[in-house]
Protein chains: 2
Amino acid sequence: MSEACNIDMIRDAAVRLSGHARRTPLLSSPFLDEIAGRKVFVKPECLQHTGSFKFRGGWSALSALDPAIRARGVIAFSSGNHAQGVALAAARHGTSSVIIMPADAPQLKINNTRALGAEVVLYDRDTEDRDEIGARLANERGLTLIKPFDEPLVIAGQGTCGLEIAEDANALGIKNADVLVCCGGGGLTSGIALACEADAPTLRIRPVEPEEFDDVARSLRSGRIERNTAASGNICDAIITPQAGDLTFPIMKRLCGPGLAISEDEALRAMAQAFLRLKLVAEPGGAAALAAALYRSNGIDGDAVIVTISGGNVDPTQFMRALDTLS
Amino acid sequence: MSEACNIDMIRDAAVRLSGHARRTPLLSSPFLDEIAGRKVFVKPECLQHTGSFKFRGGWSALSALDPAIRARGVIAFSSGNHAQGVALAAARHGTSSVIIMPADAPQLKINNTRALGAEVVLYDRDTEDRDEIGARLANERGLTLIKPFDEPLVIAGQGTCGLEIAEDANALGIKNADVLVCCGGGGLTSGIALACEADAPTLRIRPVEPEEFDDVARSLRSGRIERNTAASGNICDAIITPQAGDLTFPIMKRLCGPGLAISEDEALRAMAQAFLRLKLVAEPGGAAALAAALYRSNGIDGDAVIVTISGGNVDPTQFMRALDTLS
């Protein structure tokens, strides 16, 4: 059975993203190596436009649309990072975007999405059906839905991050390493896995999730898509999704695992290390992979580990909680 | 009269730094453009090894030493960033370093310098003569002094940052822009000025200093080296020096100005914007140029402005003060 995305689609996305998305580096610090017990390389997607890797997928999808269809506008559901990625990609394509966000999403993400030019529609997670709201708006206005992860063009866009990881790993001679990826619905994880399968096949791609929201780790163990019992209630909001995608899971099942899980405290401590040692701002969900590299090193193989910092959109009060772990 | 450094020395330093220093990008955010009233491009040297541009100058000087002399070790005076840059450059060259630091330097900088392998010697700014301490140690052990800015090889190393700015500005078509540089003794400012004179001659290089410590701005006005009255007492510790260097000032006099000055509150607010919009950790002195771009835009010309974030070595409590400006 063929998968929804492949390396050719990722390479095509890389051409469309060239000159528009940032080419992020691989960073390191001897202090992080010491904590982890091996060399740690960090892919800082918090430095991507809109502060997360999601701009890659948003741009990939928008740039591939038929211009006449794109001109009618796009719509997306998101608690934050996908929202901002799609909003900026739409604005830079000269079209409009409607973003449906939960009313309890981080205020910074709501404000940024509006400031990037999107029309933000808030809904109540407990009493309203976001799919119904989205379907009605899309229908009324002829908007194209840009899904956050279960969409081939979005997976291809996130996969460009994997092409860069593979290129840099090869240049540095890194062969025997786990690549830890902060994982929600699996768009970034599956995209990186496809890219590395082609360009750096000795690397092992492993999703990292919050404890009690480790549906992908459980799904990789059982071989079928498992769900999380809770829908919220963890500081790693960016990577909390009910379950992996129908398109992303088969790719992860073939190429990824086993999964890792980290605690909220470990996410906060990893944010503090990113502040101290890399001068980077990571959000809790964006620090999950670094947390696993630093504090779950017994579950990791190889003489080096590569981690994504997938986003940095964090409110100041949340960030101060992370800095408090240093004292 | 010939100057102490020139473009050929900078290009030679770039060859020595290749593969050792990080090639930092130019970052931007539509939110910063809106505050500044023009396009803002940020050169994030906080992402350089050891968290500041000082690694460039340290590596440039160490890598040019005769191996037999280098093997005896090096010595440096520094309140922090030069200390870390020299310490790591020495460690990676397999030699030892002694760093003379004021006892009231930020604790993070003292700890990091030690952790990078240096022998740290603390002195009391009020009662001890650091030059006497340094001369005695250098003499006893045969150590080579690496000056923080008034040294041709150090200026050449910092100038590699200017080569990168010029290359990226040319690629982006930026011609009519001020380049604002956080300025202490003038090593980075003079190095960037020489590099841009050669590779991007329409850019204007302008030092940025804290109010009441604006000796370089005053020196550029009077045409001769002026001193600061106070030696400390400003949160921008990284760029507080008694006066510009005998080697750096003639270069700045020919190529730079007029200078700009910013308040401590503006430095803190710029740090908060770097956190929010760029996901970068800047220290107060490292945020001075961004502060000028954002809050002193009336004193700036051009349709774009390029700013260095020269360092990110800030204690968590200081950083929280910056985040407090957002609420």
# chains A, B, ... in the order shown; residues from 1 in each chain; ligands from 1
$ interface_residues --of "chain B" --to "chain A" --cutoff "7 Å" --atoms "only C-alpha atoms" --output "JSON, numbers by chain"
{"B": [46, 47, 51, 275, 278, 279, 280, 281, 312, 316, 320, 323]}
$ write_last_selection --atoms "N, CA and C atoms" --output "JSON list (two decimals), in the first residue's frame"
[["chain", "number", "residue", "atom", "x", "y", "z"],
["B", 46, "CYS", "N", 24.20, 36.00, 19.76],
["B", 46, "CYS", "CA", 23.93, 35.22, 20.97],
["B", 46, "CYS", "C", 23.93, 33.72, 20.64],
["B", 47, "LEU", "N", 23.73, 33.38, 19.37],
["B", 47, "LEU", "CA", 23.76, 31.97, 18.96],
["B", 47, "LEU", "C", 25.19, 31.49, 18.65],
["B", 51, "GLY", "N", 27.83, 31.90, 23.43],
["B", 51, "GLY", "CA", 26.75, 32.87, 23.60],
["B", 51, "GLY", "C", 27.10, 34.31, 23.27],
["B", 275, "PHE", "N", 12.75, 37.98, 22.93],
["B", 275, "PHE", "CA", 12.10, 36.78, 23.46],
["B", 275, "PHE", "C", 10.81, 36.49, 22.69],
["B", 278, "LEU", "N", 11.56, 36.81, 18.29],
["B", 278, "LEU", "CA", 12.66, 36.10, 17.62],
["B", 278, "LEU", "C", 13.01, 34.80, 18.33],
["B", 279, "LYS", "N", 12.45, 34.59, 19.54],
["B", 279, "LYS", "CA", 12.75, 33.39, 20.34],
["B", 279, "LYS", "C", 14.22, 33.33, 20.70],
["B", 280, "LEU", "N", 14.81, 34.52, 20.92],
["B", 280, "LEU", "CA", 16.22, 34.62, 21.25],
["B", 280, "LEU", "C", 16.39, 35.18, 22.66],
["B", 281, "VAL", "N", 17.44, 34.71, 23.33],
["B", 281, "VAL", "CA", 17.82, 35.23, 24.63],
["B", 281, "VAL", "C", 18.95, 36.24, 24.43],
["B", 312, "GLY", "N", 24.15, 36.74, 24.72],
["B", 312, "GLY", "CA", 22.96, 36.29, 25.43],
["B", 312, "GLY", "C", 23.25, 35.71, 26.81],
["B", 316, "PRO", "N", 19.13, 34.37, 35.02],
["B", 316, "PRO", "CA", 17.66, 34.24, 34.95],
["B", 316, "PRO", "C", 16.92, 35.40, 35.62],
["B", 320, "MET", "N", 14.18, 37.77, 33.86],
["B", 320, "MET", "CA", 12.79, 37.93, 34.33],
["B", 320, "MET", "C", 12.42, 39.41, 34.43],
["B", 323, "LEU", "N", 11.29, 40.33, 31.09],
["B", 323, "LEU", "CA", 9.94, 39.81, 30.78],
["B", 323, "LEU", "C", 8.87, 40.61, 31.52]]
$ select_by_dssp --residues "range 62-307 of chain B" --states "strand (DSSP E or B)" --output "PyMOL selection string"
chain B and resi 74-77+97-102+119-123+144-145+177-182+204-210+256+260-262+280+302+304-307
$ closest_residue --among "B:Ala270, B:Ile235, B:Leu247, B:Val154" --to "Leu17 in chain B" --atoms "only C-alpha atoms"
B:Val154
$ select_by_dssp --residues "range 123-231 of chain B" --states "helix (DSSP H, G or I)" --output "ChimeraX atom specification"
/B:130-141,152-172,187-199,215-222
$ write_last_selection --atoms "N, CA and C atoms" --output "short mmCIF file (atom, residue, chain, number, x, y, z; two decimals), in the first residue's frame"
data_model
loop_
_atom_site.label_atom_id
_atom_site.label_comp_id
_atom_site.auth_asym_id
_atom_site.auth_seq_id
_atom_site.Cartn_x
_atom_site.Cartn_y
_atom_site.Cartn_z
N ARG B 130 44.24 44.86 38.29
CA ARG B 130 44.18 43.64 37.47
C ARG B 130 45.38 43.55 36.54
N ASP B 131 45.88 44.69 36.08
CA ASP B 131 47.03 44.65 35.17
C ASP B 131 48.26 44.08 35.88
N GLU B 132 48.40 44.43 37.15
CA GLU B 132 49.54 43.92 37.92
C GLU B 132 49.42 42.41 38.09
N ILE B 133 48.21 41.96 38.43
CA ILE B 133 47.97 40.51 38.59
C ILE B 133 48.27 39.78 37.28
N GLY B 134 47.75 40.33 36.19
CA GLY B 134 47.92 39.69 34.89
C GLY B 134 49.37 39.65 34.47
N ALA B 135 50.09 40.75 34.64
CA ALA B 135 51.50 40.80 34.21
C ALA B 135 52.34 39.79 35.00
N ARG B 136 52.04 39.66 36.28
CA ARG B 136 52.80 38.72 37.11
C ARG B 136 52.57 37.28 36.65
N LEU B 137 51.29 36.92 36.44
CA LEU B 137 50.98 35.55 36.01
C LEU B 137 51.56 35.26 34.63
N ALA B 138 51.42 36.22 33.71
CA ALA B 138 51.92 36.02 32.35
C ALA B 138 53.43 35.80 32.39
N ASN B 139 54.10 36.58 33.20
CA ASN B 139 55.54 36.51 33.32
C ASN B 139 55.99 35.19 33.92
N GLU B 140 55.35 34.81 35.03
CA GLU B 140 55.71 33.56 35.71
C GLU B 140 55.53 32.33 34.82
N ARG B 141 54.45 32.33 34.02
CA ARG B 141 54.10 31.09 33.30
C ARG B 141 54.34 31.16 31.79
N PRO B 152 44.88 43.55 16.77
CA PRO B 152 44.50 43.39 15.35
C PRO B 152 43.83 42.06 15.02
N LEU B 153 44.33 40.96 15.59
CA LEU B 153 43.75 39.65 15.27
C LEU B 153 42.36 39.50 15.86
N VAL B 154 42.11 40.16 16.98
CA VAL B 154 40.77 40.11 17.58
C VAL B 154 39.80 40.95 16.75
N ILE B 155 40.22 42.14 16.34
CA ILE B 155 39.38 42.96 15.46
C ILE B 155 39.06 42.18 14.18
N ALA B 156 40.07 41.51 13.64
CA ALA B 156 39.86 40.74 12.40
C ALA B 156 38.83 39.63 12.62
N GLY B 157 38.90 38.96 13.78
CA GLY B 157 37.92 37.91 14.07
C GLY B 157 36.52 38.45 14.17
N GLN B 158 36.35 39.57 14.89
CA GLN B 158 35.00 40.17 15.01
C GLN B 158 34.53 40.64 13.63
N GLY B 159 35.48 41.05 12.79
CA GLY B 159 35.12 41.51 11.45
C GLY B 159 34.46 40.44 10.59
N THR B 160 34.71 39.16 10.92
CA THR B 160 34.05 38.10 10.13
C THR B 160 32.54 38.19 10.26
N CYS B 161 32.07 38.72 11.39
CA CYS B 161 30.63 38.95 11.56
C CYS B 161 30.15 39.96 10.52
N GLY B 162 30.99 40.95 10.23
CA GLY B 162 30.65 41.94 9.22
C GLY B 162 30.64 41.38 7.81
N LEU B 163 31.55 40.45 7.52
CA LEU B 163 31.53 39.80 6.20
C LEU B 163 30.19 39.11 5.98
N GLU B 164 29.69 38.45 7.03
CA GLU B 164 28.42 37.72 6.91
C GLU B 164 27.26 38.70 6.76
N ILE B 165 27.29 39.80 7.52
CA ILE B 165 26.24 40.82 7.39
C ILE B 165 26.22 41.36 5.96
N ALA B 166 27.41 41.67 5.44
CA ALA B 166 27.49 42.22 4.09
C ALA B 166 26.96 41.22 3.06
N GLU B 167 27.36 39.97 3.22
CA GLU B 167 26.91 38.94 2.26
C GLU B 167 25.39 38.82 2.27
N ASP B 168 24.80 38.75 3.47
CA ASP B 168 23.35 38.59 3.56
C ASP B 168 22.62 39.84 3.12
N ALA B 169 23.16 41.01 3.45
CA ALA B 169 22.51 42.26 3.03
C ALA B 169 22.51 42.35 1.50
N ASN B 170 23.61 41.98 0.89
CA ASN B 170 23.66 42.01 -0.58
C ASN B 170 22.67 41.03 -1.17
N ALA B 171 22.57 39.84 -0.58
CA ALA B 171 21.63 38.83 -1.10
C ALA B 171 20.19 39.30 -0.97
N LEU B 172 19.90 40.08 0.08
CA LEU B 172 18.54 40.57 0.31
C LEU B 172 18.29 41.90 -0.39
N GLY B 187 35.82 46.67 19.26
CA GLY B 187 36.34 45.59 18.43
C GLY B 187 35.34 45.12 17.39
N LEU B 188 34.13 44.86 17.84
CA LEU B 188 33.10 44.41 16.90
C LEU B 188 32.73 45.52 15.92
N THR B 189 32.56 46.73 16.45
CA THR B 189 32.15 47.85 15.60
C THR B 189 33.19 48.13 14.52
N SER B 190 34.46 48.19 14.90
CA SER B 190 35.49 48.51 13.90
C SER B 190 35.66 47.36 12.91
N GLY B 191 35.54 46.12 13.40
CA GLY B 191 35.66 44.97 12.50
C GLY B 191 34.53 44.93 11.48
N ILE B 192 33.30 45.15 11.94
CA ILE B 192 32.16 45.17 11.03
C ILE B 192 32.31 46.32 10.03
N ALA B 193 32.80 47.46 10.51
CA ALA B 193 32.95 48.62 9.62
C ALA B 193 33.93 48.34 8.49
N LEU B 194 35.06 47.70 8.80
CA LEU B 194 36.05 47.38 7.77
C LEU B 194 35.48 46.38 6.77
N ALA B 195 34.75 45.38 7.28
CA ALA B 195 34.19 44.37 6.39
C ALA B 195 33.14 44.98 5.46
N CYS B 196 32.28 45.84 6.01
CA CYS B 196 31.24 46.44 5.18
C CYS B 196 31.82 47.49 4.23
N GLU B 197 32.86 48.17 4.63
CA GLU B 197 33.51 49.11 3.70
C GLU B 197 33.91 48.39 2.41
N ALA B 198 34.40 47.16 2.57
CA ALA B 198 34.84 46.40 1.40
C ALA B 198 33.69 45.76 0.65
N ASP B 199 32.74 45.17 1.38
CA ASP B 199 31.76 44.29 0.74
C ASP B 199 30.35 44.87 0.63
N ASP B 215 30.88 56.88 25.65
CA ASP B 215 32.19 57.47 25.34
C ASP B 215 32.50 57.44 23.85
N VAL B 216 32.10 56.38 23.16
CA VAL B 216 32.42 56.29 21.73
C VAL B 216 31.63 57.33 20.94
N ALA B 217 30.35 57.50 21.27
CA ALA B 217 29.56 58.53 20.60
C ALA B 217 30.20 59.91 20.80
N ARG B 218 30.62 60.19 22.03
CA ARG B 218 31.25 61.48 22.31
C ARG B 218 32.60 61.59 21.61
N SER B 219 33.32 60.49 21.56
CA SER B 219 34.63 60.50 20.89
C SER B 219 34.47 60.76 19.39
N LEU B 220 33.44 60.17 18.81
CA LEU B 220 33.22 60.38 17.37
C LEU B 220 32.85 61.84 17.11
N ARG B 221 32.16 62.47 18.08
CA ARG B 221 31.83 63.89 17.91
C ARG B 221 33.05 64.79 18.06
N SER B 222 33.88 64.50 19.06
CA SER B 222 35.02 65.40 19.35
C SER B 222 36.23 65.09 18.49
#
$ residues_around --residues "Glu209 in chain A" --least-positions-apart "3" --cutoff "6 Å" --atoms "only C-alpha atoms" --output "list in words"
Cys183, Asp214 and Ala261 of chain A
$ residues_around --residues "Arg92 in chain A" --least-positions-apart "2" --cutoff "12 Å" --atoms "only C-alpha atoms" --output "number ranges by chain"
A: 20-21, 49, 55, 58-59, 62-63, 70-71, 85-90, 94-97, 116-118; B: 30
$ atom_distance --atom1 "CA of Arg114 in chain A" --atom2 "CA of His93 in chain A"
16.5 Å
